Structure formats: C-alpha cells, structure tokens
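Right, one structure below, let's go through it.
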Amino acid sequence: MKSRDLQQRATRSVRVWLALLACLLLGATPFDRNVLAEENLHVVVDFDAAQPILPDMPISFRLSRELADGEGRIAVIIGQTDVTSLFVVDGVRLTYVPNLMPLPLGKPNVVMYRVSEGGEWRELGSFTLQVVKERPVASATLASPSPRPLRTEESNGTPVVIATSGSQSAQVVNDAATQVQPDGIAGAPATNGVSQSVPASASNAAPPPQSSTNEKKMKFTPSVTIAVKSQMAQFNFPENTRPTERATFTDGTVQMSLRSEGSTGPLSSQTQFDFAGSSFQQEALRFGTLGPTAPQLDLSSYLAQFQLGPVKVAVGHTSFGAARHLINSFSSRGITVTVPITKRFDFSVGALNGTNVVGYSNFFGLGKSKHQLQSATLGVELLTKRPGGLRLEFSGVRAYIQALNSFSQGSVTDVERSKGGSVRLIATDKSGRFKFEGGFTRSQYRNPADPLLYQDTNTVPVPFLTRNARYVDVSVDVLRGYSLTKTKQISLNFAVRHEQVDPLYKSLGASAQADKYQNDFQVSGTIGEISFQGGHGRFNDNLGHIASILQSLTRSKQYSVALPTASLWGGTSETSSKLLPRLSYSR
C-alpha cells in the first residue's frame, strides 16, 4: 500500500510539472500589472490608480471569478478604515460609491483581503490612491502642424523634452514650480510622480492668479429616498387563521443624507449625517432598546472631519488603530485626533464608545466613562525623506466594556477590561519590491465576576491574565515585469508569514484568535497571462499542551495554475472572444 501511495503521488507531481512546462512553451501575452493574485483568485483594478482622483469619485474592482462556498468574503481597507460594507457588489464587480464616506485626501493606501470563514485574513494586494481636492489643470502643449519625434536630454540636472522637425526645434521644460501636489495646491514640487510641462515660450508669461488663502467655500448636498411598501389584500382559509393585526398594511420608509464640504483659510471640513425612519413603530431604528418610545426618524450614523493645517480631527462613526493584535480598525462612535509633530514624529489618539451606538443621545459616543476604548499611537519615521520606508509605531490601549448590547444585537454580555501595548515596524525599499511588517503585543485581560450570570453556581472565575502575541509578514518581488521576450513578461513573489498568539490572549480592541502558532510560505507569479501559486502552511493550537483539550497539528500544501485559453492562439483576454474559457488547476 505504501508503494502504491508513493507511486500515485509521484504521478500527480509529474502531471503538475508537465502542465507548468506546457504553459511555458505555449507562451502568453504581457501581464496586466493591475492584476493581483491569491491562489486562482484575481482582482483587477478598473481605473488608473496613478492618476489623481476626487474624493467623491467612485472606484471599482473586478474579481476573476465569484467566491465559492466556503471561501469566505472580500474585505477592503482604505487608509485605516474597513469600508467593505460601503461597496456595491454586482456579480464579480465591487464598486465603492463615496456618498457616505468620501475618499480621504492625500495618498491613502488601499489593501484588499480575502477573509476565510475561520476569520483568517489573507492579503490579495495593495496600492496607493492619489486623492486631490480639485483636478490638476492640464498643462499647455506645443502646437505643431505635424507630429515631431521626441528625445530627452538633461540641462543642469533638469529633464528636457525636445521636439524636432527639420531644422527647427521647440523645447518643453518640466518646471517643478508648475507641478501640482496631491492636494491640488499649485506652486510646490509634485510628490505624486506626475510632472507638468509648459512651453518655453510661455515661461515669461504672467503666472496664473492664485486664490486667496481667506477664500471661503461651502458645498451642501442633501438627498432623500422615500419608499412605500404595502399589502393591499390578504385571503385566508379557513377564515379564523387570519391574523388579528396588520393583515393589510401600508408603510412608508425614508432615508435621508445631509452632506457638506467647506473650507475657509487653513480650515477645511467634511460632514455626513444619515437618518433612517419608518412609519411602522416596530421598524424604528432603536425599537429593540427603547420600545414604543423609540423615535421613528432617527440618526443612523454621522461623521464630521476637520483639518486645520496638518491637524486632523474626526467626530462620529469612525475607526482607529492599526496594531493587529491590540487595536485593529476598531469602529464605533467617538473622536480621533491626528497631529504630525515633526517630519519624523506623529501622534494620534482616539476615544470611542465600547459598542456600536445610534441615535441622538450619546452624540459624541463618550457619555459613559466606563464604557469606552481609549488608545494612542506614536509614529516615528526613521527615513524622513521617504515616509513609510522605515516606520516604527508604539500603541497603547485601555478598554472598559460594560454589559451593554449593541443597538442591533442582543446577547448575554459581561463586564470586560483590558489594557496593553504594542510595537509595530514597517519597512519597504524604494521600488516596493521588499515589504516587511512585524509587531509584538502584550495585553492584560480581566473578566470580573458577575453574580447575575453565575446565579450561585459553582463557576470558576477567569483569572487576571497577561499574554503576548507576535507576527511577521515578509514579501519579496524577486522578478517584477522581467521581459522574457517582446511579448512576454514574468513576475515572481515570495512571502513568509509567522504568527503566534498565547493561550487565553484577548484584547478588546482586536479580534485575534488565541492559542495558535502558524507559519505560511507562499510563492506566486505570472508568465504573461498565466498565473501560478503555491504554498505550505503549518498550524498548531493548544500551545499549553493541556491533556483535556484536543490539539490540532495541521499541515497543508496547495498549488494552482490558471491559463486563459485566449493565450493559446496568441491573443489576449481583451482582444479575444469573451466566450473563451479560462483553464485552471488547483490542489
């Protein structure tokens, strides 16, 4: 039996290697750099992320296929906020419509994950947006009766593009003084890599008029959606089965949004208030907690963001934290403040309600001092000339959660307290080929005894515990856009992930699975439009080796290859028929 199993495994391995060799020999077309792969799942960005966009501009992505049952869901993080619930899903297309929450100005980072049913987050990829207040004004270009060949030279260290036609030549200089920053402010060097060009003949022209710093702008956008649902008639047989209440009904619902944007001098603001109402009392937003006294038109959510120079303040339904095991995008109603102290140091602090809250009461989310989560983060940029290249973050959390239910969820709750600290290191090289992220967290958790829950039973109280958690994620692009031929490019990426969470570890600011030790090794890449992925995972639990608890020692190996049939005939997925299938093999 052992020899037969070895023979079957060898046969399967030979088939896989033959399939990979056949893919290499058949060839493919250049790959799309906007395609991010995890196993045989691909995410395609439907817009040019390198171009500046406005805060209210929708962005969309496309999945190569729909998620199968058991594969979990897709999650999207913009900046430090989980905006997955704000995406509109239409088949394999995900569209973010920033009506409720506009895109943050600057260069927010967008990270896409596949979240398994077990709560494991696997990154599909990330990229950076360029969000500006106003679109950059298109630069002037030289008018010519016929196309002219271009060549590039340097003059005093400044790139110069020269167009030639016969004996005549015209010169276009990339003047740094005319470039546009991501926030739409002219007159400063560009930081988004998009240079603006002006003709040399226009260099003596008068500069464009600049807006006054005291100019006031205000934009107010209301929206109302009214719906009517009705059951005009109902017939029951026998007649005594007819309900005594609401056999027939006509109800109205309303959803209202009030959005405003304003700026005056160095102060700018963005606000969004959302209301929900129903004529049927039992469908009121807070009927579960207030009963008949719940208002029929209630405040469902709001967010007010203010920026005074570099200082940013957010009030309302916001999120805070980027420490994986301590506080990770904890969302509730509260206040967050971010203050860049110097080019090297920045500080942010947040205070949020312990559970989700709606309505007009507890407007700031800080009405209960013993039902809050308070956190602060100190960031240190070790490379001031390249922010994010080597960054160190120190975070601390103090949380006190009372036995209060969320407005939309009822459960048996208990008093919980936790406090802890975390250190996080982020490093990337200039080209973005190497990425490192690691963190260490130490958290203290306390679950005080509650006589109302124990009911005089023989219950062992939870001890006051201090536990640790750590993780390391390393990713290296060994090959990126390497040209094999004129029509084929290859990319190759290696990733290593390590995570360990001690038994009985818990922090109220993050959802971390306790008592686990996990290592993952992955390799992925593309050859033209062919994509492949392989990995090995090791997972252990019951780290305390308690004899009465089942211990799992999981080892997994997986690999997959995906090949568009269009590439077999030298075509691409864009130029070939959409009816051509995509071949894939996974194990």
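Simple scheme: letters A, B, ... for chains in structure tokens order, numbers from 1 for residues in each chain, numbers from 1 for ligands in the order shown.
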Neighbours of Ala427 in chain A within 8 Å (only C-alpha atoms; same-chain residues fewer than 4 positions away dropped), as a PyMOL selection string? chain A and resi 388-391+434-437
Written file, previous selection with all heavy atoms, as a PDB file, in the first residue's frame:
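Final output, saved to part-v8.pdb:
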```
ATOM      1  N   GLY A 388       7.251  56.128   5.276  1.00  0.00           N
ATOM      2  CA  GLY A 388       6.789  54.767   5.105  1.00  0.00           C
ATOM      3  C   GLY A 388       7.885  53.780   4.772  1.00  0.00           C
ATOM      4  O   GLY A 388       7.663  52.564   4.805  1.00  0.00           O
ATOM      5  N   GLY A 389       9.068  54.278   4.439  1.00  0.00           N
ATOM      6  CA  GLY A 389      10.170  53.383   4.117  1.00  0.00           C
ATOM      7  C   GLY A 389      10.657  52.605   5.313  1.00  0.00           C
ATOM      8  O   GLY A 389      10.983  51.422   5.210  1.00  0.00           O
ATOM      9  N   LEU A 390      10.695  53.247   6.472  1.00  0.00           N
ATOM     10  CA  LEU A 390      11.076  52.573   7.725  1.00  0.00           C
ATOM     11  C   LEU A 390      10.345  53.307   8.844  1.00  0.00           C
ATOM     12  O   LEU A 390      10.763  54.383   9.270  1.00  0.00           O
ATOM     13  CB  LEU A 390      12.591  52.603   7.923  1.00  0.00           C
ATOM     14  CG  LEU A 390      13.132  51.794   9.109  1.00  0.00           C
ATOM     15  CD1 LEU A 390      12.769  50.322   8.936  1.00  0.00           C
ATOM     16  CD2 LEU A 390      14.645  51.959   9.229  1.00  0.00           C
ATOM     17  N   ARG A 391       9.260  52.712   9.308  1.00  0.00           N
ATOM     18  CA  ARG A 391       8.384  53.379  10.273  1.00  0.00           C
ATOM     19  C   ARG A 391       8.205  52.489  11.499  1.00  0.00           C
ATOM     20  O   ARG A 391       8.022  51.277  11.388  1.00  0.00           O
ATOM     21  CB  ARG A 391       7.016  53.672   9.644  1.00  0.00           C
ATOM     22  CG  ARG A 391       6.011  54.321  10.601  1.00  0.00           C
ATOM     23  CD  ARG A 391       4.708  54.636   9.901  1.00  0.00           C
ATOM     24  NE  ARG A 391       3.696  55.114  10.816  1.00  0.00           N
ATOM     25  CZ  ARG A 391       3.571  56.365  11.233  1.00  0.00           C
ATOM     26  NH1 ARG A 391       4.413  57.275  10.783  1.00  0.00           N
ATOM     27  NH2 ARG A 391       2.614  56.720  12.070  1.00  0.00           N
ATOM     28  N   PHE A 434      10.467  44.898  -1.738  1.00  0.00           N
ATOM     29  CA  PHE A 434      10.594  44.265  -0.425  1.00  0.00           C
ATOM     30  C   PHE A 434       9.648  44.956   0.549  1.00  0.00           C
ATOM     31  O   PHE A 434       9.646  46.181   0.675  1.00  0.00           O
ATOM     32  CB  PHE A 434      12.033  44.350   0.083  1.00  0.00           C
ATOM     33  CG  PHE A 434      12.207  43.887   1.494  1.00  0.00           C
ATOM     34  CD1 PHE A 434      12.286  42.527   1.780  1.00  0.00           C
ATOM     35  CD2 PHE A 434      12.274  44.793   2.544  1.00  0.00           C
ATOM     36  CE1 PHE A 434      12.439  42.092   3.087  1.00  0.00           C
ATOM     37  CE2 PHE A 434      12.422  44.364   3.851  1.00  0.00           C
ATOM     38  CZ  PHE A 434      12.514  43.004   4.123  1.00  0.00           C
ATOM     39  N   LYS A 435       8.845  44.153   1.244  1.00  0.00           N
ATOM     40  CA  LYS A 435       7.917  44.675   2.235  1.00  0.00           C
ATOM     41  C   LYS A 435       8.030  43.843   3.506  1.00  0.00           C
ATOM     42  O   LYS A 435       8.035  42.609   3.460  1.00  0.00           O
ATOM     43  CB  LYS A 435       6.475  44.637   1.719  1.00  0.00           C
ATOM     44  CG  LYS A 435       6.223  45.513   0.502  1.00  0.00           C
ATOM     45  CD  LYS A 435       4.778  45.427   0.053  1.00  0.00           C
ATOM     46  CE  LYS A 435       4.533  46.295  -1.171  1.00  0.00           C
ATOM     47  NZ  LYS A 435       3.123  46.200  -1.628  1.00  0.00           N
ATOM     48  N   PHE A 436       8.123  44.544   4.617  1.00  0.00           N
ATOM     49  CA  PHE A 436       8.224  43.884   5.923  1.00  0.00           C
ATOM     50  C   PHE A 436       7.266  44.550   6.889  1.00  0.00           C
ATOM     51  O   PHE A 436       7.163  45.779   6.936  1.00  0.00           O
ATOM     52  CB  PHE A 436       9.658  43.980   6.460  1.00  0.00           C
ATOM     53  CG  PHE A 436       9.817  43.459   7.862  1.00  0.00           C
ATOM     54  CD1 PHE A 436      10.125  42.128   8.082  1.00  0.00           C
ATOM     55  CD2 PHE A 436       9.640  44.297   8.963  1.00  0.00           C
ATOM     56  CE1 PHE A 436      10.259  41.638   9.375  1.00  0.00           C
ATOM     57  CE2 PHE A 436       9.764  43.813  10.254  1.00  0.00           C
ATOM     58  CZ  PHE A 436      10.083  42.481  10.455  1.00  0.00           C
ATOM     59  N   GLU A 437       6.574  43.735   7.641  1.00  0.00           N
ATOM     60  CA  GLU A 437       5.721  44.237   8.716  1.00  0.00           C
ATOM     61  C   GLU A 437       5.756  43.232   9.860  1.00  0.00           C
ATOM     62  O   GLU A 437       5.537  42.033   9.655  1.00  0.00           O
ATOM     63  CB  GLU A 437       4.286  44.442   8.255  1.00  0.00           C
ATOM     64  CG  GLU A 437       3.377  44.993   9.355  1.00  0.00           C
ATOM     65  CD  GLU A 437       1.960  45.233   8.898  1.00  0.00           C
ATOM     66  OE1 GLU A 437       1.739  45.234   7.666  1.00  0.00           O
ATOM     67  OE2 GLU A 437       1.079  45.414   9.762  1.00  0.00           O
TER      68      GLU A 437
END
```
Write out as a PDB file with all heavy atoms, in the first residue's frame each polymer residue whose atoms come within 12 Å of range 454-462 of chain A, counting only C-alpha atoms; drop sequence neighbours fewer than 3 positions from it.
```
ATOM      1  N   ASP A 414     -21.037  40.499  29.480  1.00  0.00           N
ATOM      2  CA  ASP A 414     -20.414  40.580  30.788  1.00  0.00           C
ATOM      3  C   ASP A 414     -19.426  41.739  30.778  1.00  0.00           C
ATOM      4  O   ASP A 414     -19.001  42.208  29.715  1.00  0.00           O
ATOM      5  CB  ASP A 414     -19.693  39.263  31.101  1.00  0.00           C
ATOM      6  CG  ASP A 414     -19.417  39.115  32.599  1.00  0.00           C
ATOM      7  OD1 ASP A 414     -19.839  40.010  33.348  1.00  0.00           O
ATOM      8  OD2 ASP A 414     -18.793  38.120  32.981  1.00  0.00           O
ATOM      9  N   VAL A 415     -19.068  42.190  31.963  1.00  0.00           N
ATOM     10  CA  VAL A 415     -18.097  43.274  32.078  1.00  0.00           C
ATOM     11  C   VAL A 415     -16.713  42.747  31.699  1.00  0.00           C
ATOM     12  O   VAL A 415     -16.299  41.669  32.135  1.00  0.00           O
ATOM     13  CB  VAL A 415     -18.089  43.842  33.507  1.00  0.00           C
ATOM     14  CG1 VAL A 415     -17.023  44.918  33.643  1.00  0.00           C
ATOM     15  CG2 VAL A 415     -19.451  44.390  33.868  1.00  0.00           C
ATOM     16  N   GLU A 416     -16.002  43.502  30.870  1.00  0.00           N
ATOM     17  CA  GLU A 416     -14.667  43.124  30.428  1.00  0.00           C
ATOM     18  C   GLU A 416     -13.744  44.334  30.491  1.00  0.00           C
ATOM     19  O   GLU A 416     -14.175  45.470  30.231  1.00  0.00           O
ATOM     20  CB  GLU A 416     -14.683  42.570  29.000  1.00  0.00           C
ATOM     21  CG  GLU A 416     -15.462  41.287  28.835  1.00  0.00           C
ATOM     22  CD  GLU A 416     -15.486  40.837  27.387  1.00  0.00           C
ATOM     23  OE1 GLU A 416     -16.060  41.569  26.564  1.00  0.00           O
ATOM     24  OE2 GLU A 416     -14.917  39.783  27.077  1.00  0.00           O
ATOM     25  N   ARG A 417     -12.487  44.082  30.815  1.00  0.00           N
ATOM     26  CA  ARG A 417     -11.489  45.141  30.850  1.00  0.00           C
ATOM     27  C   ARG A 417     -10.194  44.599  30.254  1.00  0.00           C
ATOM     28  O   ARG A 417      -9.854  43.429  30.409  1.00  0.00           O
ATOM     29  CB  ARG A 417     -11.243  45.610  32.281  1.00  0.00           C
ATOM     30  CG  ARG A 417     -12.469  46.151  32.988  1.00  0.00           C
ATOM     31  CD  ARG A 417     -12.154  46.554  34.412  1.00  0.00           C
ATOM     32  NE  ARG A 417     -11.219  47.676  34.470  1.00  0.00           N
ATOM     33  CZ  ARG A 417     -10.801  48.248  35.599  1.00  0.00           C
ATOM     34  NH1 ARG A 417     -11.232  47.772  36.761  1.00  0.00           N
ATOM     35  NH2 ARG A 417      -9.961  49.255  35.580  1.00  0.00           N
ATOM     36  N   TYR A 445      -5.878  41.118  30.337  1.00  0.00           N
ATOM     37  CA  TYR A 445      -7.327  40.978  30.211  1.00  0.00           C
ATOM     38  C   TYR A 445      -7.918  40.568  31.556  1.00  0.00           C
ATOM     39  O   TYR A 445      -7.363  39.710  32.262  1.00  0.00           O
ATOM     40  CB  TYR A 445      -7.679  39.929  29.164  1.00  0.00           C
ATOM     41  CG  TYR A 445      -9.154  39.621  29.078  1.00  0.00           C
ATOM     42  CD1 TYR A 445     -10.039  40.524  28.503  1.00  0.00           C
ATOM     43  CD2 TYR A 445      -9.657  38.431  29.598  1.00  0.00           C
ATOM     44  CE1 TYR A 445     -11.394  40.242  28.429  1.00  0.00           C
ATOM     45  CE2 TYR A 445     -11.007  38.146  29.529  1.00  0.00           C
ATOM     46  CZ  TYR A 445     -11.870  39.050  28.948  1.00  0.00           C
ATOM     47  OH  TYR A 445     -13.214  38.778  28.889  1.00  0.00           O
ATOM     48  N   ARG A 446      -9.046  41.186  31.873  1.00  0.00           N
ATOM     49  CA  ARG A 446      -9.714  40.899  33.144  1.00  0.00           C
ATOM     50  C   ARG A 446     -11.206  40.783  32.914  1.00  0.00           C
ATOM     51  O   ARG A 446     -11.816  41.627  32.252  1.00  0.00           O
ATOM     52  CB  ARG A 446      -9.423  42.005  34.165  1.00  0.00           C
ATOM     53  CG  ARG A 446      -9.988  41.715  35.550  1.00  0.00           C
ATOM     54  CD  ARG A 446      -9.598  42.803  36.538  1.00  0.00           C
ATOM     55  NE  ARG A 446     -10.095  42.509  37.882  1.00  0.00           N
ATOM     56  CZ  ARG A 446      -9.918  43.305  38.925  1.00  0.00           C
ATOM     57  NH1 ARG A 446      -9.246  44.435  38.780  1.00  0.00           N
ATOM     58  NH2 ARG A 446     -10.405  42.977  40.105  1.00  0.00           N
ATOM     59  N   ASN A 447     -11.787  39.718  33.445  1.00  0.00           N
ATOM     60  CA  ASN A 447     -13.219  39.475  33.350  1.00  0.00           C
ATOM     61  C   ASN A 447     -13.778  39.354  34.770  1.00  0.00           C
ATOM     62  O   ASN A 447     -13.798  38.270  35.353  1.00  0.00           O
ATOM     63  CB  ASN A 447     -13.477  38.197  32.554  1.00  0.00           C
ATOM     64  CG  ASN A 447     -14.952  37.973  32.256  1.00  0.00           C
ATOM     65  OD1 ASN A 447     -15.351  36.878  31.945  1.00  0.00           O
ATOM     66  ND2 ASN A 447     -15.778  39.002  32.337  1.00  0.00           N
ATOM     67  N   PRO A 448     -14.192  40.475  35.388  1.00  0.00           N
ATOM     68  CA  PRO A 448     -14.632  40.432  36.791  1.00  0.00           C
ATOM     69  C   PRO A 448     -15.829  39.501  36.982  1.00  0.00           C
ATOM     70  O   PRO A 448     -16.629  39.282  36.073  1.00  0.00           O
ATOM     71  CB  PRO A 448     -15.009  41.885  37.090  1.00  0.00           C
ATOM     72  CG  PRO A 448     -14.311  42.690  36.043  1.00  0.00           C
ATOM     73  CD  PRO A 448     -14.258  41.827  34.836  1.00  0.00           C
ATOM     74  N   ALA A 449     -15.935  38.947  38.156  1.00  0.00           N
ATOM     75  CA  ALA A 449     -17.040  38.049  38.480  1.00  0.00           C
ATOM     76  C   ALA A 449     -18.363  38.809  38.468  1.00  0.00           C
ATOM     77  O   ALA A 449     -18.462  39.939  38.951  1.00  0.00           O
ATOM     78  CB  ALA A 449     -16.816  37.407  39.845  1.00  0.00           C
ATOM     79  N   ASP A 450     -19.398  38.189  37.881  1.00  0.00           N
ATOM     80  CA  ASP A 450     -20.721  38.792  37.774  1.00  0.00           C
ATOM     81  C   ASP A 450     -21.734  37.861  38.445  1.00  0.00           C
ATOM     82  O   ASP A 450     -22.070  36.806  37.893  1.00  0.00           O
ATOM     83  CB  ASP A 450     -21.089  39.010  36.304  1.00  0.00           C
ATOM     84  CG  ASP A 450     -22.345  39.846  36.150  1.00  0.00           C
ATOM     85  OD1 ASP A 450     -23.057  40.034  37.155  1.00  0.00           O
ATOM     86  OD2 ASP A 450     -22.609  40.308  35.028  1.00  0.00           O
ATOM     87  N   PRO A 451     -22.231  38.213  39.634  1.00  0.00           N
ATOM     88  CA  PRO A 451     -23.184  37.329  40.332  1.00  0.00           C
ATOM     89  C   PRO A 451     -24.461  37.081  39.543  1.00  0.00           C
ATOM     90  O   PRO A 451     -25.083  36.027  39.681  1.00  0.00           O
ATOM     91  CB  PRO A 451     -23.469  38.082  41.642  1.00  0.00           C
ATOM     92  CG  PRO A 451     -22.295  39.011  41.813  1.00  0.00           C
ATOM     93  CD  PRO A 451     -21.876  39.383  40.432  1.00  0.00           C
ATOM     94  N   LEU A 465      -5.106  37.871  33.552  1.00  0.00           N
ATOM     95  CA  LEU A 465      -4.045  37.288  32.733  1.00  0.00           C
ATOM     96  C   LEU A 465      -3.281  38.356  31.966  1.00  0.00           C
ATOM     97  O   LEU A 465      -3.835  39.396  31.592  1.00  0.00           O
ATOM     98  CB  LEU A 465      -4.639  36.285  31.738  1.00  0.00           C
ATOM     99  CG  LEU A 465      -5.395  35.094  32.336  1.00  0.00           C
ATOM    100  CD1 LEU A 465      -6.043  34.287  31.239  1.00  0.00           C
ATOM    101  CD2 LEU A 465      -4.467  34.228  33.160  1.00  0.00           C
ATOM    102  N   LEU A 504      -5.412  31.957  25.914  1.00  0.00           N
ATOM    103  CA  LEU A 504      -6.225  32.880  26.711  1.00  0.00           C
ATOM    104  C   LEU A 504      -5.857  34.339  26.455  1.00  0.00           C
ATOM    105  O   LEU A 504      -6.174  35.217  27.260  1.00  0.00           O
ATOM    106  CB  LEU A 504      -6.114  32.572  28.207  1.00  0.00           C
ATOM    107  CG  LEU A 504      -6.566  31.168  28.630  1.00  0.00           C
ATOM    108  CD1 LEU A 504      -6.376  30.979  30.132  1.00  0.00           C
ATOM    109  CD2 LEU A 504      -8.005  30.921  28.243  1.00  0.00           C
TER     110      LEU A 504
END
```
With DSSP run on the backbone, what are the helix (DSSP H, G or I) residues within range 244-398 of chain A? I'd like them as a ChimeraX atom specification.
/A:281-283,287-293
(request) Check range 69-107 of chain A with DSSP on the backbone and list each residue it calls strand (DSSP E), as a ChimeraX atom specification. (result) /A:73-78,81-82,87-90,93-96
